[in-house]
$ cat run-v4.pdb   # PDB, C-alpha atoms, pLDDT in the B column
ATOM      1  CA  MET F   1      95.503  99.028  74.330  1.00 35.00           C
ATOM      2  CA  LEU F   2      93.452  98.907  77.520  1.00 36.00           C
ATOM      3  CA  ALA F   3      95.981  96.768  79.351  1.00 40.00           C
ATOM      4  CA  ARG F   4      99.704  96.158  79.386  1.00 35.00           C
ATOM      5  CA  THR F   5     102.067  94.087  81.502  1.00 34.00           C
ATOM      6  CA  LEU F   6     104.023  96.024  84.103  1.00 36.00           C
ATOM      7  CA  GLY F   7     106.295  93.137  85.103  1.00 35.00           C
ATOM      8  CA  ASP F   8     106.347  89.792  86.822  1.00 34.00           C
ATOM      9  CA  SER F   9     106.224  89.556  90.598  1.00 34.00           C
ATOM     10  CA  SER F  10     106.608  85.788  91.035  1.00 33.00           C
ATOM     11  CA  SER F  11     108.472  86.198  94.288  1.00 31.00           C
ATOM     12  CA  ARG F  12     105.332  87.704  95.823  1.00 35.00           C
ATOM     13  CA  ASP F  13     102.491  85.233  95.812  1.00 38.00           C
ATOM     14  CA  GLY F  14      99.974  87.799  97.012  1.00 35.00           C
ATOM     15  CA  ARG F  15      98.912  85.899 100.128  1.00 32.00           C
ATOM     16  CA  VAL F  16      98.439  88.974 102.273  1.00 29.00           C
ATOM     17  CA  TRP F  17      95.162  87.733 103.724  1.00 27.00           C
ATOM     18  CA  TYR F  18      93.588  84.286 103.820  1.00 25.00           C
ATOM     19  CA  GLY F  19      90.549  84.175 101.574  1.00 30.00           C
ATOM     20  CA  PRO F  20      87.822  81.519 101.885  1.00 32.00           C
ATOM     21  CA  ARG F  21      87.431  79.048  99.046  1.00 31.00           C
ATOM     22  CA  ALA F  22      84.869  79.990  96.465  1.00 31.00           C
ATOM     23  CA  ARG F  23      82.163  77.371  96.778  1.00 31.00           C
ATOM     24  CA  CYS F  24      78.618  76.726  95.705  1.00 30.00           C
ATOM     25  CA  CYS F  25      76.034  77.750  98.302  1.00 30.00           C
ATOM     26  CA  ILE F  26      72.444  76.650  98.772  1.00 26.00           C
ATOM     27  CA  SER F  27      70.095  78.675  96.618  1.00 29.00           C
ATOM     28  CA  SER F  28      67.638  80.971  98.354  1.00 31.00           C
ATOM     29  CA  LYS F  29      64.072  81.304  97.169  1.00 29.00           C
ATOM     30  CA  TRP F  30      64.851  84.344  95.045  1.00 29.00           C
ATOM     31  CA  THR F  31      68.521  83.970  94.122  1.00 31.00           C
ATOM     32  CA  LEU F  32      70.035  81.195  92.046  1.00 32.00           C
ATOM     33  CA  THR F  33      73.442  80.230  93.394  1.00 33.00           C
ATOM     34  CA  CYS F  34      74.918  79.258  90.044  1.00 38.00           C
ATOM     35  CA  ILE F  35      73.544  80.741  86.860  1.00 36.00           C
ATOM     36  CA  CYS F  36      75.106  79.264  83.744  1.00 39.00           C
ATOM     37  CA  ILE F  37      74.630  80.677  80.282  1.00 39.00           C
ATOM     38  CA  ASP F  38      75.285  78.897  76.988  1.00 43.00           C
ATOM     39  CA  GLY F  39      76.867  75.711  78.325  1.00 44.00           C
ATOM     40  CA  ALA F  40      79.321  77.342  80.721  1.00 46.00           C
ATOM     41  CA  PRO F  41      79.711  74.315  83.091  1.00 47.00           C
ATOM     42  CA  ALA F  42      81.707  72.630  80.309  1.00 50.00           C
ATOM     43  CA  LEU F  43      84.624  74.869  81.336  1.00 50.00           C
ATOM     44  CA  PHE F  44      84.867  72.826  84.527  1.00 46.00           C
ATOM     45  CA  ARG F  45      83.712  69.456  83.167  1.00 48.00           C
ATOM     46  CA  LYS F  46      86.580  69.470  80.680  1.00 48.00           C
ATOM     47  CA  ALA F  47      88.947  69.209  83.651  1.00 42.00           C
ATOM     48  CA  GLY F  48      86.902  66.376  85.116  1.00 40.00           C
ATOM     49  CA  LEU F  49      85.836  68.723  87.926  1.00 42.00           C
ATOM     50  CA  SER F  50      82.660  70.506  88.904  1.00 41.00           C
ATOM     51  CA  ILE F  51      82.670  74.026  90.279  1.00 41.00           C
ATOM     52  CA  ALA F  52      81.902  72.624  93.714  1.00 40.00           C
ATOM     53  CA  ASN F  53      84.764  70.105  93.914  1.00 47.00           C
ATOM     54  CA  ALA F  54      87.469  71.867  91.897  1.00 44.00           C
ATOM     55  CA  ALA F  55      89.107  72.960  95.163  1.00 43.00           C
ATOM     56  CA  ALA F  56      89.930  69.337  96.006  1.00 46.00           C
ATOM     57  CA  ARG F  57      92.423  69.033  93.137  1.00 46.00           C
ATOM     58  CA  ARG F  58      96.110  69.243  94.101  1.00 48.00           C
ATOM     59  CA  PRO F  59      98.233  71.880  92.353  1.00 46.00           C
ATOM     60  CA  ALA F  60     100.138  70.501  89.373  1.00 44.00           C
ATOM     61  CA  ALA F  61     103.911  70.354  89.166  1.00 48.00           C
ATOM     62  CA  ASN F  62     103.893  71.312  85.489  1.00 66.00           C
ATOM     63  CA  MET F  63     105.386  74.790  85.041  1.00 63.00           C
ATOM     64  CA  GLU F  64     102.710  75.685  82.482  1.00 66.00           C
ATOM     65  CA  THR F  65      99.940  75.114  85.057  1.00 75.00           C
ATOM     66  CA  GLN F  66     101.690  76.753  87.999  1.00 90.00           C
ATOM     67  CA  THR F  67     100.313  80.101  89.110  1.00 94.00           C
ATOM     68  CA  ARG F  68     102.198  83.161  87.906  1.00 96.00           C
ATOM     69  CA  HIS F  69     101.848  86.632  89.429  1.00 97.00           C
ATOM     70  CA  SER F  70     102.162  89.939  87.640  1.00 96.00           C
ATOM     71  CA  ASN F  71     100.843  93.496  87.620  1.00 97.00           C
ATOM     72  CA  VAL F  72      98.730  94.682  84.708  1.00 96.00           C
ATOM     73  CA  VAL F  73      97.424  98.145  83.853  1.00 97.00           C
ATOM     74  CA  SER F  74      93.753  97.877  82.939  1.00 97.00           C
ATOM     75  CA  ASN F  75      91.454 100.876  82.448  1.00 97.00           C
ATOM     76  CA  GLY F  76      94.212 103.150  83.728  1.00 96.00           C
ATOM     77  CA  ILE F  77      94.863 101.410  87.065  1.00 97.00           C
ATOM     78  CA  ARG F  78      97.249  98.689  88.234  1.00 98.00           C
ATOM     79  CA  LEU F  79      95.700  95.281  88.937  1.00 98.00           C
ATOM     80  CA  HIS F  80      97.520  92.373  90.562  1.00 98.00           C
ATOM     81  CA  LEU F  81      96.882  89.210  88.548  1.00 97.00           C
ATOM     82  CA  ALA F  82      97.312  85.498  89.275  1.00 98.00           C
ATOM     83  CA  GLU F  83      97.241  83.382  86.127  1.00 97.00           C
ATOM     84  CA  ALA F  84      98.151  79.959  84.809  1.00 97.00           C
ATOM     85  CA  GLY F  85      97.957  77.958  81.610  1.00 95.00           C
ATOM     86  CA  SER F  86      97.399  78.953  78.004  1.00 91.00           C
ATOM     87  CA  GLY F  87      94.529  78.742  75.575  1.00 93.00           C
ATOM     88  CA  LYS F  88      91.074  80.291  75.800  1.00 95.00           C
ATOM     89  CA  PRO F  89      91.024  82.860  78.648  1.00 97.00           C
ATOM     90  CA  VAL F  90      88.794  82.324  81.689  1.00 98.00           C
ATOM     91  CA  ILE F  91      88.547  85.421  83.921  1.00 98.00           C
ATOM     92  CA  LEU F  92      87.616  84.700  87.553  1.00 98.00           C
ATOM     93  CA  LEU F  93      86.171  87.587  89.589  1.00 98.00           C
ATOM     94  CA  HIS F  94      86.220  87.206  93.381  1.00 98.00           C
ATOM     95  CA  GLY F  95      83.603  88.355  95.878  1.00 97.00           C
ATOM     96  CA  PHE F  96      83.653  90.621  98.942  1.00 96.00           C
ATOM     97  CA  PRO F  97      85.821  90.733 101.016  1.00 94.00           C
ATOM     98  CA  GLU F  98      87.989  88.235  99.151  1.00 97.00           C
ATOM     99  CA  PHE F  99      90.784  88.413  96.569  1.00 97.00           C
ATOM    100  CA  TRP F 100      92.427  86.197  93.918  1.00 98.00           C
ATOM    101  CA  TYR F 101      93.277  83.505  96.499  1.00 97.00           C
ATOM    102  CA  SER F 102      89.650  82.344  96.549  1.00 96.00           C
ATOM    103  CA  TRP F 103      90.229  80.896  93.071  1.00 97.00           C
ATOM    104  CA  ARG F 104      93.664  79.326  93.711  1.00 95.00           C
ATOM    105  CA  PHE F 105      92.544  75.713  93.108  1.00 95.00           C
ATOM    106  CA  HIS F 106      90.300  76.630  90.187  1.00 96.00           C
ATOM    107  CA  VAL F 107      93.150  78.458  88.437  1.00 97.00           C
ATOM    108  CA  THR F 108      95.236  75.272  88.485  1.00 95.00           C
ATOM    109  CA  ALA F 109      92.352  73.003  87.441  1.00 96.00           C
ATOM    110  CA  LEU F 110      91.430  75.216  84.500  1.00 96.00           C
ATOM    111  CA  ALA F 111      95.077  75.467  83.414  1.00 96.00           C
ATOM    112  CA  GLU F 112      95.329  71.673  83.444  1.00 94.00           C
ATOM    113  CA  ALA F 113      92.218  71.545  81.275  1.00 95.00           C
ATOM    114  CA  GLY F 114      93.859  73.705  78.617  1.00 95.00           C
ATOM    115  CA  PHE F 115      92.534  77.148  79.531  1.00 96.00           C
ATOM    116  CA  HIS F 116      94.317  80.388  80.379  1.00 96.00           C
ATOM    117  CA  ALA F 117      92.937  81.106  83.862  1.00 97.00           C
ATOM    118  CA  LEU F 118      93.193  84.657  85.219  1.00 98.00           C
ATOM    119  CA  ALA F 119      92.196  85.656  88.761  1.00 98.00           C
ATOM    120  CA  PRO F 120      92.716  89.380  89.400  1.00 98.00           C
ATOM    121  CA  ASP F 121      92.590  91.254  92.649  1.00 98.00           C
ATOM    122  CA  MET F 122      89.795  93.634  91.706  1.00 98.00           C
ATOM    123  CA  ARG F 123      90.391  97.362  92.169  1.00 98.00           C
ATOM    124  CA  GLY F 124      90.542  98.292  95.832  1.00 97.00           C
ATOM    125  CA  TYR F 125      91.490  94.783  97.003  1.00 98.00           C
ATOM    126  CA  ASN F 126      94.720  93.212  98.250  1.00 97.00           C
ATOM    127  CA  LEU F 127      97.692  94.070  95.988  1.00 97.00           C
ATOM    128  CA  SER F 128      95.769  95.982  93.320  1.00 98.00           C
ATOM    129  CA  GLU F 129      95.633  99.767  93.152  1.00 98.00           C
ATOM    130  CA  LYS F 130      93.103 101.477  95.403  1.00 97.00           C
ATOM    131  CA  PRO F 131      91.915 104.701  93.746  1.00 97.00           C
ATOM    132  CA  HIS F 132      90.340 107.351  95.968  1.00 97.00           C
ATOM    133  CA  GLY F 133      86.702 108.338  95.865  1.00 97.00           C
ATOM    134  CA  VAL F 134      83.437 106.432  95.647  1.00 96.00           C
ATOM    135  CA  ALA F 135      83.075 107.256  91.948  1.00 96.00           C
ATOM    136  CA  ALA F 136      86.211 105.229  91.195  1.00 97.00           C
ATOM    137  CA  TYR F 137      84.295 102.072  92.137  1.00 97.00           C
ATOM    138  CA  GLY F 138      81.212 102.589  89.988  1.00 97.00           C
ATOM    139  CA  ILE F 139      80.009  99.696  87.863  1.00 96.00           C
ATOM    140  CA  ASP F 140      81.166 101.368  84.633  1.00 97.00           C
ATOM    141  CA  GLU F 141      84.749 101.458  85.925  1.00 98.00           C
ATOM    142  CA  LEU F 142      84.594  97.833  87.081  1.00 98.00           C
ATOM    143  CA  VAL F 143      83.261  96.669  83.721  1.00 98.00           C
ATOM    144  CA  ALA F 144      86.061  98.589  81.987  1.00 98.00           C
ATOM    145  CA  ASP F 145      88.602  96.820  84.231  1.00 98.00           C
ATOM    146  CA  VAL F 146      87.303  93.439  83.048  1.00 98.00           C
ATOM    147  CA  ALA F 147      87.315  94.567  79.410  1.00 97.00           C
ATOM    148  CA  GLY F 148      90.954  95.564  79.848  1.00 97.00           C
ATOM    149  CA  LEU F 149      91.807  92.063  81.049  1.00 97.00           C
ATOM    150  CA  VAL F 150      90.308  90.565  77.886  1.00 97.00           C
ATOM    151  CA  ASP F 151      92.515  92.924  75.896  1.00 95.00           C
ATOM    152  CA  TYR F 152      95.541  91.911  77.990  1.00 95.00           C
ATOM    153  CA  CYS F 153      94.960  88.284  76.994  1.00 93.00           C
ATOM    154  CA  GLY F 154      95.277  89.174  73.334  1.00 90.00           C
ATOM    155  CA  ASN F 155      91.910  87.571  72.585  1.00 78.00           C
ATOM    156  CA  ARG F 156      88.753  89.134  71.250  1.00 85.00           C
ATOM    157  CA  ARG F 157      86.578  87.017  73.557  1.00 95.00           C
ATOM    158  CA  ALA F 158      86.918  85.234  76.916  1.00 97.00           C
ATOM    159  CA  HIS F 159      84.892  83.148  79.338  1.00 98.00           C
ATOM    160  CA  LEU F 160      83.797  85.037  82.472  1.00 98.00           C
ATOM    161  CA  VAL F 161      83.146  83.636  85.962  1.00 98.00           C
ATOM    162  CA  GLY F 162      82.024  85.720  88.947  1.00 98.00           C
ATOM    163  CA  HIS F 163      81.239  84.947  92.588  1.00 98.00           C
ATOM    164  CA  ASP F 164      79.291  87.173  95.002  1.00 96.00           C
ATOM    165  CA  TRP F 165      80.193  90.833  94.243  1.00 96.00           C
ATOM    166  CA  GLY F 166      82.324  89.577  91.380  1.00 98.00           C
ATOM    167  CA  GLY F 167      79.155  87.919  90.073  1.00 98.00           C
ATOM    168  CA  ILE F 168      77.357  91.281  89.970  1.00 96.00           C
ATOM    169  CA  VAL F 169      80.274  92.761  88.025  1.00 98.00           C
ATOM    170  CA  ALA F 170      80.195  89.749  85.705  1.00 98.00           C
ATOM    171  CA  TRP F 171      76.472  90.257  85.007  1.00 97.00           C
ATOM    172  CA  TYR F 172      77.012  93.893  84.040  1.00 97.00           C
ATOM    173  CA  ALA F 173      80.130  93.114  82.002  1.00 98.00           C
ATOM    174  CA  ALA F 174      78.254  90.497  79.981  1.00 97.00           C
ATOM    175  CA  MET F 175      75.250  92.786  79.471  1.00 97.00           C
ATOM    176  CA  ARG F 176      77.211  95.896  78.537  1.00 97.00           C
ATOM    177  CA  ARG F 177      80.076  94.282  76.604  1.00 97.00           C
ATOM    178  CA  PRO F 178      78.558  91.066  75.190  1.00 97.00           C
ATOM    179  CA  GLU F 179      80.983  91.083  72.274  1.00 96.00           C
ATOM    180  CA  LEU F 180      83.837  90.235  74.693  1.00 97.00           C
ATOM    181  CA  PHE F 181      82.490  87.042  76.253  1.00 97.00           C
ATOM    182  CA  ASP F 182      81.642  83.521  75.075  1.00 96.00           C
ATOM    183  CA  ARG F 183      80.428  81.984  78.352  1.00 96.00           C
ATOM    184  CA  LEU F 184      79.160  83.437  81.614  1.00 98.00           C
ATOM    185  CA  VAL F 185      79.061  81.665  84.992  1.00 97.00           C
ATOM    186  CA  VAL F 186      77.612  83.486  88.020  1.00 97.00           C
ATOM    187  CA  LEU F 187      77.710  82.056  91.537  1.00 96.00           C
ATOM    188  CA  ASN F 188      75.709  83.415  94.465  1.00 94.00           C
ATOM    189  CA  ALA F 189      74.682  86.653  92.793  1.00 94.00           C
ATOM    190  CA  PRO F 190      71.215  87.456  91.401  1.00 91.00           C
ATOM    191  CA  HIS F 191      70.556  89.023  88.047  1.00 93.00           C
ATOM    192  CA  PRO F 192      70.591  92.811  88.612  1.00 90.00           C
ATOM    193  CA  GLY F 193      66.966  93.036  87.516  1.00 89.00           C
ATOM    194  CA  ALA F 194      65.848  90.503  90.138  1.00 87.00           C
ATOM    195  CA  TYR F 195      67.938  92.214  92.797  1.00 82.00           C
ATOM    196  CA  LEU F 196      66.466  95.656  92.143  1.00 82.00           C
ATOM    197  CA  ARG F 197      62.957  94.197  92.007  1.00 82.00           C
ATOM    198  CA  ASP F 198      63.076  92.251  95.272  1.00 79.00           C
ATOM    199  CA  ARG F 199      65.644  93.811  97.589  1.00 76.00           C
ATOM    200  CA  PHE F 200      63.149  96.085  99.330  1.00 74.00           C
ATOM    201  CA  SER F 201      60.156  93.752  99.263  1.00 73.00           C
ATOM    202  CA  THR F 202      58.466  92.881 102.556  1.00 66.00           C
ATOM    203  CA  LYS F 203      58.686  89.174 101.761  1.00 70.00           C
ATOM    204  CA  GLN F 204      62.434  89.340 101.206  1.00 62.00           C
ATOM    205  CA  TRP F 205      63.073  91.159 104.507  1.00 68.00           C
ATOM    206  CA  ILE F 206      60.970  88.578 106.381  1.00 68.00           C
ATOM    207  CA  GLN F 207      63.092  85.781 104.913  1.00 65.00           C
TER     208      GLN F 207
END

$ encode --input "run-v4.pdb" --output "structure tokens"
Amino acid sequence: MLARTLGDSSSRDGRVWYGPRARCCISSKWTLTCICIDGAPALFRKAGLSIANAAARRPAANMETQTRHSNVVSNGIRLHLAEAGSGKPVILLHGFPEFWYSWRFHVTALAEAGFHALAPDMRGYNLSEKPHGVAAYGIDELVADVAGLVDYCGNRRAHLVGHDWGGIVAWYAAMRRPELFDRLVVLNAPHPGAYLRDRFSTKQWIQ
């Protein structure tokens, strides 16, 4: 087992900092804001919401769709997790310098649509464990954290959504562990190949 539940912490909602809402941004000339693979927008359409307007939905009163908080051990470290609903898992990875709270409206909307929405504080953020050393934050470790969350759900496969830095992690997770994911949605993060190709180009710096 890559992940196990440490215990519920419902009394602590994790709102240590205020995180901006995850939203769609205008695409630049070299980076697509939202990259959807294999019909991924259907995750949001099923709730009658798009990614851009999901934040407008009020939280539901239904206990099943209310956000629950717990601590999970994934890849050997403790991650704080906000989750709601049941059904097919949808893992939501936040950007920098955000945390699970960026997805608070999306978690509820996806739960109402019949999904099991999970928004972790990624390692080093907010209430999750903060291991020492730069090596502890390498992409291999971050991908293993995500793989552990799929295992925690008790499913062989999950849908994966990433924004900003979480989008980069999502790209690598889908490329290195494709057997774990059915759908991939990436917001405001280029494919790693495009990033490495263009980040030092004269044209990009001029823009």

$ closest_residue --input "run-v4.pdb" --among "F:Ser86, F:Asn75, F:Thr65, F:Asn188" --to "Asn155 of chain F" --atoms "all atoms listed in the file"
F:Ser86

$ atom_distance --input "run-v4.pdb" --atom1 "atom CA of Leu81 of chain F" --atom2 "atom CA of Ala111 of chain F"
14.8 Å

$ atom_distance --input "run-v4.pdb" --atom1 "atom CA of Ile77 of chain F" --atom2 "atom CA of His106 of chain F"
25.4 Å

$ closest_residue --input "run-v4.pdb" --among "F:Gly133, F:Gly76, F:Gly154, F:Gly95" --to "Ala170 of chain F" --atoms "all atoms listed in the file"
F:Gly95

$ closest_residue --input "run-v4.pdb" --among "F:Leu92, F:Val107, F:Leu79, F:Val134" --to "Ala158 of chain F" --atoms "all atoms listed in the file"
F:Leu92

$ closest_residue --input "run-v4.pdb" --among "F:Asp198, F:Glu112, F:Asp182, F:Glu129" --to "Leu160 of chain F" --atoms "only C-alpha atoms"
F:Asp182

$ closest_residue --input "run-v4.pdb" --among "F:Val143, F:Leu93, F:Ala82, F:Leu127" --to "His159 of chain F" --atoms "all atoms listed in the file"
F:Leu93

$ atom_distance --input "run-v4.pdb" --atom1 "atom CA of Ser74 of chain F" --atom2 "atom CA of Asp151 of chain F"
8.7 Å

$ resolve_selection --input "run-v4.pdb" --expression "the PyMOL selection byres ((chain F and resi 120) around 10)" --output "PDB file with C-alpha atoms, in the frame of the given file"
ATOM      1  CA  HIS F  69     101.848  86.632  89.429  1.00 97.00           C
ATOM      2  CA  SER F  70     102.162  89.939  87.640  1.00 96.00           C
ATOM      3  CA  ASN F  71     100.843  93.496  87.620  1.00 97.00           C
ATOM      4  CA  VAL F  72      98.730  94.682  84.708  1.00 96.00           C
ATOM      5  CA  LEU F  79      95.700  95.281  88.937  1.00 98.00           C
ATOM      6  CA  HIS F  80      97.520  92.373  90.562  1.00 98.00           C
ATOM      7  CA  LEU F  81      96.882  89.210  88.548  1.00 97.00           C
ATOM      8  CA  ALA F  82      97.312  85.498  89.275  1.00 98.00           C
ATOM      9  CA  GLU F  83      97.241  83.382  86.127  1.00 97.00           C
ATOM     10  CA  ILE F  91      88.547  85.421  83.921  1.00 98.00           C
ATOM     11  CA  LEU F  92      87.616  84.700  87.553  1.00 98.00           C
ATOM     12  CA  LEU F  93      86.171  87.587  89.589  1.00 98.00           C
ATOM     13  CA  HIS F  94      86.220  87.206  93.381  1.00 98.00           C
ATOM     14  CA  PHE F  99      90.784  88.413  96.569  1.00 97.00           C
ATOM     15  CA  TRP F 100      92.427  86.197  93.918  1.00 98.00           C
ATOM     16  CA  TYR F 101      93.277  83.505  96.499  1.00 97.00           C
ATOM     17  CA  TRP F 103      90.229  80.896  93.071  1.00 97.00           C
ATOM     18  CA  ALA F 117      92.937  81.106  83.862  1.00 97.00           C
ATOM     19  CA  LEU F 118      93.193  84.657  85.219  1.00 98.00           C
ATOM     20  CA  ALA F 119      92.196  85.656  88.761  1.00 98.00           C
ATOM     21  CA  ASP F 121      92.590  91.254  92.649  1.00 98.00           C
ATOM     22  CA  MET F 122      89.795  93.634  91.706  1.00 98.00           C
ATOM     23  CA  ARG F 123      90.391  97.362  92.169  1.00 98.00           C
ATOM     24  CA  TYR F 125      91.490  94.783  97.003  1.00 98.00           C
ATOM     25  CA  ASN F 126      94.720  93.212  98.250  1.00 97.00           C
ATOM     26  CA  LEU F 127      97.692  94.070  95.988  1.00 97.00           C
ATOM     27  CA  SER F 128      95.769  95.982  93.320  1.00 98.00           C
ATOM     28  CA  ASP F 145      88.602  96.820  84.231  1.00 98.00           C
ATOM     29  CA  VAL F 146      87.303  93.439  83.048  1.00 98.00           C
ATOM     30  CA  LEU F 149      91.807  92.063  81.049  1.00 97.00           C
TER      31      LEU F 149
END

$ resolve_selection --input "run-v4.pdb" --expression "the PyMOL selection byres ((chain F and resi 110) around 9)" --output "list in words"
Leu43, Phe44, Lys46, Ala47, Thr65, Ala84, Gly85, Val90, Phe105, His106, Val107, Thr108, Ala109, Ala111, Glu112, Ala113, Gly114, Phe115, His116 and Ala117 of chain F
